[in-house]
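To start, the structure itself, in structure tokens.
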Amino acid sequence: MTKNLRNSILLIISLSVIGYWLFTGLNNKIEPIDNQIEKTNNSDLIFRLLQKDSTLKYDSLIGVENIAFSDTSNFINILKKQQTQSITIGEIAAYSTIEFLSVNYKASTLNNYKTYLKSNNQFQEWDSINKSLKTDFNFNVSELANYINEIGSFTSNTSTFYYLKSEEAYNVVSLLNFIMDSITPQISKRLLYYKINTDNLFHLLAGNLFTESKSYYINTGDYFIFGSDTTELSYMYFNLKDGNTMQNNPLFIHYKSKQFSDYGINYYYNITDENDTTNTILSYQLRGEKNGVITNFNLFQFEKIKEILTDSTFIDSMQIDSVTEEEQLINQIVEQNQESQEQTKVGEITYHLLNGESFRESTVKLKLKLEKGGYDYNKVKSEHVYFIVNNGNKKLDWNTAIQRYLDKKQPEDGDYFFMEKFFY
């Protein structure tokens, strides 16, 4: 009896140990899977934040996370070999900006984005748009990416603006001229702005980070600010002119004081409710490392400050007392815009056809003029030289002009060749 009892006790103990081992073993195997699922879900967090996903629980996201580059279908792979950046968007974003996104950018970023599209079977649409721009305008988005340092967006007063920043703004100006509606700035309400022949520029650069159509822009220093229409750009111009920018907003200054590291992507969103006693800023940042991405999610709270400064409005806020004063102001604006544009341009080469001169004869003289300026006629003509017709209202690329005029049609008085100089 004693022996049987002892054997029963040993059997019970053995079964208990085996059961415990199986239980803990399974749990140890399941836990990493759960963690991996969570990381995979968070790899698209930037999109969910931009889309204002109501299912997100912000408090549960606070902290630092590492996400591996192992899955090439994840958008965060655009941060591979990506440099970090300090936050400078306050230089141009309006004082009352409630949301912004800034993305450090270079040629490798575009290559990473194209790899991401191929991994998700989405490259064909991108390639179709890109080829269309090449065929119709000789515009190459890959060449533009060589000169970009940063792209992003900011939202103020219900309007969203896109922007790109370049330390070589003159080269960006030269490339955007390929897709310009006209070779000269258009004017609305006496303010200068530019319009390009595509709504897809930012979508080509970074996809669903930019979902709106923006084809009008102004250029100020290193920045190109894009809006939906000229009214939005007028609003932006006066904010910049008056210094009503985000860098002077105390809330943004407090936010900047909490930044101790640089990241490749910075997302800022003021989620403060009207009845809140404090201001709350949602901050989400991503930085590419050797094997993956480090993300940092925070909710910063600051004492509520009564804002005494508001954004500028077009003309109305200027308190103009007379038509004469308004005209003086407008002339000053136009001159300042022209000076700003001229600073980013290297210059122009033009050749105006003489009365009765044929297209073929004029190309010979154009060749001499280009060579005198240090340019190889045969290398630059196809991509950089335009033929301006119809009293300056229509711009033809080189190939179209050849097909239409060479030994076929006589040019009209006032027609001319145009090339914006570039570093060659």
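Residue names in the structure tokens use chain letters A, B, ... in the order shown, residue numbers from 1 in each chain, and ligand numbers from 1 in the order shown.
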
Non-local contacts of Asp397 (chain A) (7 Å; only C-alpha atoms; under 6 positions in same chain excluded) as a PyMOL selection string | chain A and resi 385-387

Selection near Tyr147 (chain A), 9 Å with only C-alpha atoms, sequence-local residues under 5 positions removed, as a list in words |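 So, after excluding close chain neighbours, the residues are Lys106, Ala107, Lys165, Ser166, Glu167, Glu168, Ala169, Asn171 and Val172 of chain A.
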
Please write the residues from the selection above to a file, keeping N, CA and C atoms, as a PDB file, in the first residue's frame.
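Writing the result to result-v4.pdb gives the following:
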ATOM      1  N   LYS A 106      15.917  62.709 -50.016  1.00  0.00           N
ATOM      2  CA  LYS A 106      17.003  62.760 -50.990  1.00  0.00           C
ATOM      3  C   LYS A 106      16.724  61.703 -52.052  1.00  0.00           C
ATOM      4  N   ALA A 107      17.647  61.535 -52.995  1.00  0.00           N
ATOM      5  CA  ALA A 107      17.413  60.616 -54.116  1.00  0.00           C
ATOM      6  C   ALA A 107      17.168  59.191 -53.644  1.00  0.00           C
ATOM      7  N   LYS A 165      11.841  71.665 -49.630  1.00  0.00           N
ATOM      8  CA  LYS A 165      12.973  72.528 -49.281  1.00  0.00           C
ATOM      9  C   LYS A 165      14.208  72.043 -50.016  1.00  0.00           C
ATOM     10  N   SER A 166      14.985  72.987 -50.531  1.00  0.00           N
ATOM     11  CA  SER A 166      16.188  72.623 -51.273  1.00  0.00           C
ATOM     12  C   SER A 166      17.282  73.644 -51.019  1.00  0.00           C
ATOM     13  N   GLU A 167      18.485  73.158 -50.808  1.00  0.00           N
ATOM     14  CA  GLU A 167      19.633  74.043 -50.680  1.00  0.00           C
ATOM     15  C   GLU A 167      20.129  74.499 -52.048  1.00  0.00           C
ATOM     16  N   GLU A 168      19.560  73.921 -53.102  1.00  0.00           N
ATOM     17  CA  GLU A 168      19.891  74.318 -54.478  1.00  0.00           C
ATOM     18  C   GLU A 168      18.604  74.725 -55.182  1.00  0.00           C
ATOM     19  N   ALA A 169      17.977  75.770 -54.659  1.00  0.00           N
ATOM     20  CA  ALA A 169      16.674  76.199 -55.156  1.00  0.00           C
ATOM     21  C   ALA A 169      16.710  76.559 -56.637  1.00  0.00           C
ATOM     22  N   ASN A 171      18.250  75.080 -58.998  1.00  0.00           N
ATOM     23  CA  ASN A 171      18.071  73.879 -59.801  1.00  0.00           C
ATOM     24  C   ASN A 171      16.640  73.381 -59.768  1.00  0.00           C
ATOM     25  N   VAL A 172      15.983  73.540 -58.623  1.00  0.00           N
ATOM     26  CA  VAL A 172      14.573  73.161 -58.524  1.00  0.00           C
ATOM     27  C   VAL A 172      13.727  74.059 -59.424  1.00  0.00           C
TER      28      VAL A 172
END

Pick out the residues sitting within 10 Å of region 136-141 of chain A, and hand them over as an mmCIF file with C-alpha atoms, in the first residue's frame; count only C-alpha atoms, and ignore anything fewer than 2 positions along from it in its own chain.
data_model
loop_
_atom_site.group_PDB
_atom_site.id
_atom_site.type_symbol
_atom_site.label_atom_id
_atom_site.label_comp_id
_atom_site.auth_asym_id
_atom_site.auth_seq_id
_atom_site.Cartn_x
_atom_site.Cartn_y
_atom_site.Cartn_z
ATOM 1 C CA ALA A 107 17.413 60.616 -54.116
ATOM 2 C CA LEU A 110 12.678 58.076 -53.849
ATOM 3 C CA ASN A 130 6.163 59.429 -64.368
ATOM 4 C CA LYS A 131 6.492 58.356 -68.013
ATOM 5 C CA SER A 132 3.686 60.703 -68.996
ATOM 6 C CA LEU A 133 5.535 63.668 -67.457
ATOM 7 C CA LYS A 134 8.719 62.633 -69.257
ATOM 8 C CA GLU A 143 16.362 64.402 -61.221
ATOM 9 C CA LEU A 144 14.253 66.626 -58.970
ATOM 10 C CA ALA A 145 14.851 64.266 -56.023
ATOM 11 C CA ASN A 146 18.597 64.917 -56.351
ATOM 12 C CA LEU A 175 13.311 71.667 -63.282
ATOM 13 C CA LEU A 176 9.871 72.974 -62.345
ATOM 14 C CA ASN A 177 10.005 75.183 -65.418
ATOM 15 C CA PHE A 178 9.630 72.014 -67.500
ATOM 16 C CA ILE A 179 6.115 71.498 -66.123
ATOM 17 C CA MET A 180 5.192 75.166 -65.803
ATOM 18 C CA ASN A 197 0.941 71.057 -65.156
ATOM 19 C CA LEU A 201 4.153 65.854 -57.865
ATOM 20 C CA PHE A 202 4.088 65.084 -54.129
ATOM 21 C CA LEU A 204 5.158 60.747 -56.912
ATOM 22 C CA LEU A 205 7.646 61.643 -54.183
ATOM 23 C CA SER A 382 16.250 68.675 -76.325
ATOM 24 C CA GLU A 383 15.747 69.081 -72.584
ATOM 25 C CA HIS A 384 16.363 72.758 -71.883
ATOM 26 C CA LEU A 396 6.782 74.295 -77.226
ATOM 27 C CA ASP A 397 9.459 71.812 -76.245
ATOM 28 C CA TRP A 398 12.297 71.256 -78.693
ATOM 29 C CA THR A 400 7.507 69.509 -80.860
#

Closest of A:Glu212, A:Glu357, A:Asp222, A:Glu150 to Gln410 (chain A) - atom-to-atom distances counting only C-alpha atoms = A:Glu357

From a DSSP pass on the backbone, collect the residues of region 93-290 of chain A flagged as alpha helix (DSSP H) and hand them back as a tab-separated table (two decimals) with C-alpha atoms, in the first residue's frame.
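Everything below was put into selection-v7.tsv:
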chain	number	residue	atom	x	y	z
A	107	ALA	CA	17.41	60.62	-54.12
A	108	SER	CA	17.71	57.39	-52.11
A	109	THR	CA	14.36	58.15	-50.46
A	110	LEU	CA	12.68	58.08	-53.85
A	111	ASN	CA	14.45	54.81	-54.71
A	112	ASN	CA	13.28	53.30	-51.42
A	113	TYR	CA	9.74	54.45	-52.16
A	114	LYS	CA	9.80	52.83	-55.61
A	115	THR	CA	11.00	49.58	-54.01
A	116	TYR	CA	8.09	49.79	-51.58
A	117	LEU	CA	5.65	50.25	-54.48
A	118	LYS	CA	7.06	47.24	-56.32
A	119	SER	CA	6.75	45.10	-53.19
A	123	PHE	CA	4.58	50.54	-59.15
A	124	GLN	CA	2.75	50.44	-62.48
A	125	GLU	CA	0.52	53.42	-61.66
A	126	TRP	CA	3.48	55.46	-60.42
A	127	ASP	CA	5.52	54.56	-63.50
A	128	SER	CA	2.67	55.49	-65.83
A	129	ILE	CA	2.39	59.02	-64.37
A	130	ASN	CA	6.16	59.43	-64.37
A	131	LYS	CA	6.49	58.36	-68.01
A	132	SER	CA	3.69	60.70	-69.00
A	133	LEU	CA	5.54	63.67	-67.46
A	134	LYS	CA	8.72	62.63	-69.26
A	135	THR	CA	6.95	62.30	-72.60
A	136	ASP	CA	4.85	65.46	-72.39
A	137	PHE	CA	7.23	67.82	-70.59
A	141	VAL	CA	11.09	63.35	-60.98
A	142	SER	CA	14.27	61.38	-60.20
A	143	GLU	CA	16.36	64.40	-61.22
A	144	LEU	CA	14.25	66.63	-58.97
A	145	ALA	CA	14.85	64.27	-56.02
A	169	ALA	CA	16.67	76.20	-55.16
A	170	TYR	CA	17.92	77.45	-58.52
A	171	ASN	CA	18.07	73.88	-59.80
A	172	VAL	CA	14.57	73.16	-58.52
A	173	VAL	CA	13.30	76.29	-60.29
A	174	SER	CA	14.94	75.11	-63.51
A	175	LEU	CA	13.31	71.67	-63.28
A	176	LEU	CA	9.87	72.97	-62.34
A	201	LEU	CA	4.15	65.85	-57.86
A	202	PHE	CA	4.09	65.08	-54.13
A	203	HIS	CA	2.28	61.80	-54.65
A	204	LEU	CA	5.16	60.75	-56.91
A	205	LEU	CA	7.65	61.64	-54.18
A	206	ALA	CA	6.02	59.91	-51.20
A	230	THR	CA	-3.95	81.66	-55.42
A	231	THR	CA	-6.08	82.72	-52.45
A	232	GLU	CA	-4.27	80.25	-50.22
A	233	LEU	CA	-0.91	81.43	-51.50
A	234	SER	CA	-1.85	85.06	-50.86
A	235	TYR	CA	-2.63	84.12	-47.26
A	236	MET	CA	0.74	82.40	-46.95
A	237	TYR	CA	2.61	85.32	-48.50
A	238	PHE	CA	1.28	87.82	-45.98
A	239	ASN	CA	2.02	85.53	-43.04
A	240	LEU	CA	5.62	85.24	-44.18
A	241	LYS	CA	5.86	88.97	-44.86
A	242	ASP	CA	4.46	89.87	-41.43
A	250	PRO	CA	5.01	79.88	-27.76
A	251	LEU	CA	3.40	76.44	-28.03
A	252	PHE	CA	5.73	75.43	-30.87
A	253	ILE	CA	8.69	76.87	-28.94
A	254	HIS	CA	7.78	74.67	-25.94
A	255	TYR	CA	7.46	71.66	-28.25
A	256	LYS	CA	10.89	72.33	-29.77
A	257	SER	CA	12.43	72.51	-26.29

Excluding Ile218 (chain A) and any residue of its chain fewer than 3 positions from it, enumerate the residues within 8 Å of it, using only C-alpha atoms, and give them as a ChimeraX atom specification.
-> /A:192-194,224-226,233

Take the residues from that selection and put them in a file with C-alpha atoms, as a CSV table (one decimal), in the first residue's frame.
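So part.csv came out as:
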chain,number,residue,atom,x,y,z
A,192,LEU,CA,3.0,86.5,-58.2
A,193,TYR,CA,2.5,82.7,-58.2
A,194,TYR,CA,3.4,79.8,-60.3
A,224,PHE,CA,8.6,76.0,-52.4
A,225,ILE,CA,5.1,76.3,-50.8
A,226,PHE,CA,2.3,74.6,-52.7
A,233,LEU,CA,-0.9,81.4,-51.5

Name the residues of region 27-231 of chain A that fall into strand (DSSP E or B) according to DSSP on the backbone, using the chain letters and numbers of this document, as a PyMOL selection string.
-> chain A and resi 63-68+85+94+99-104+150-156+159-165+180+186-188+191-196+216-220+223-227
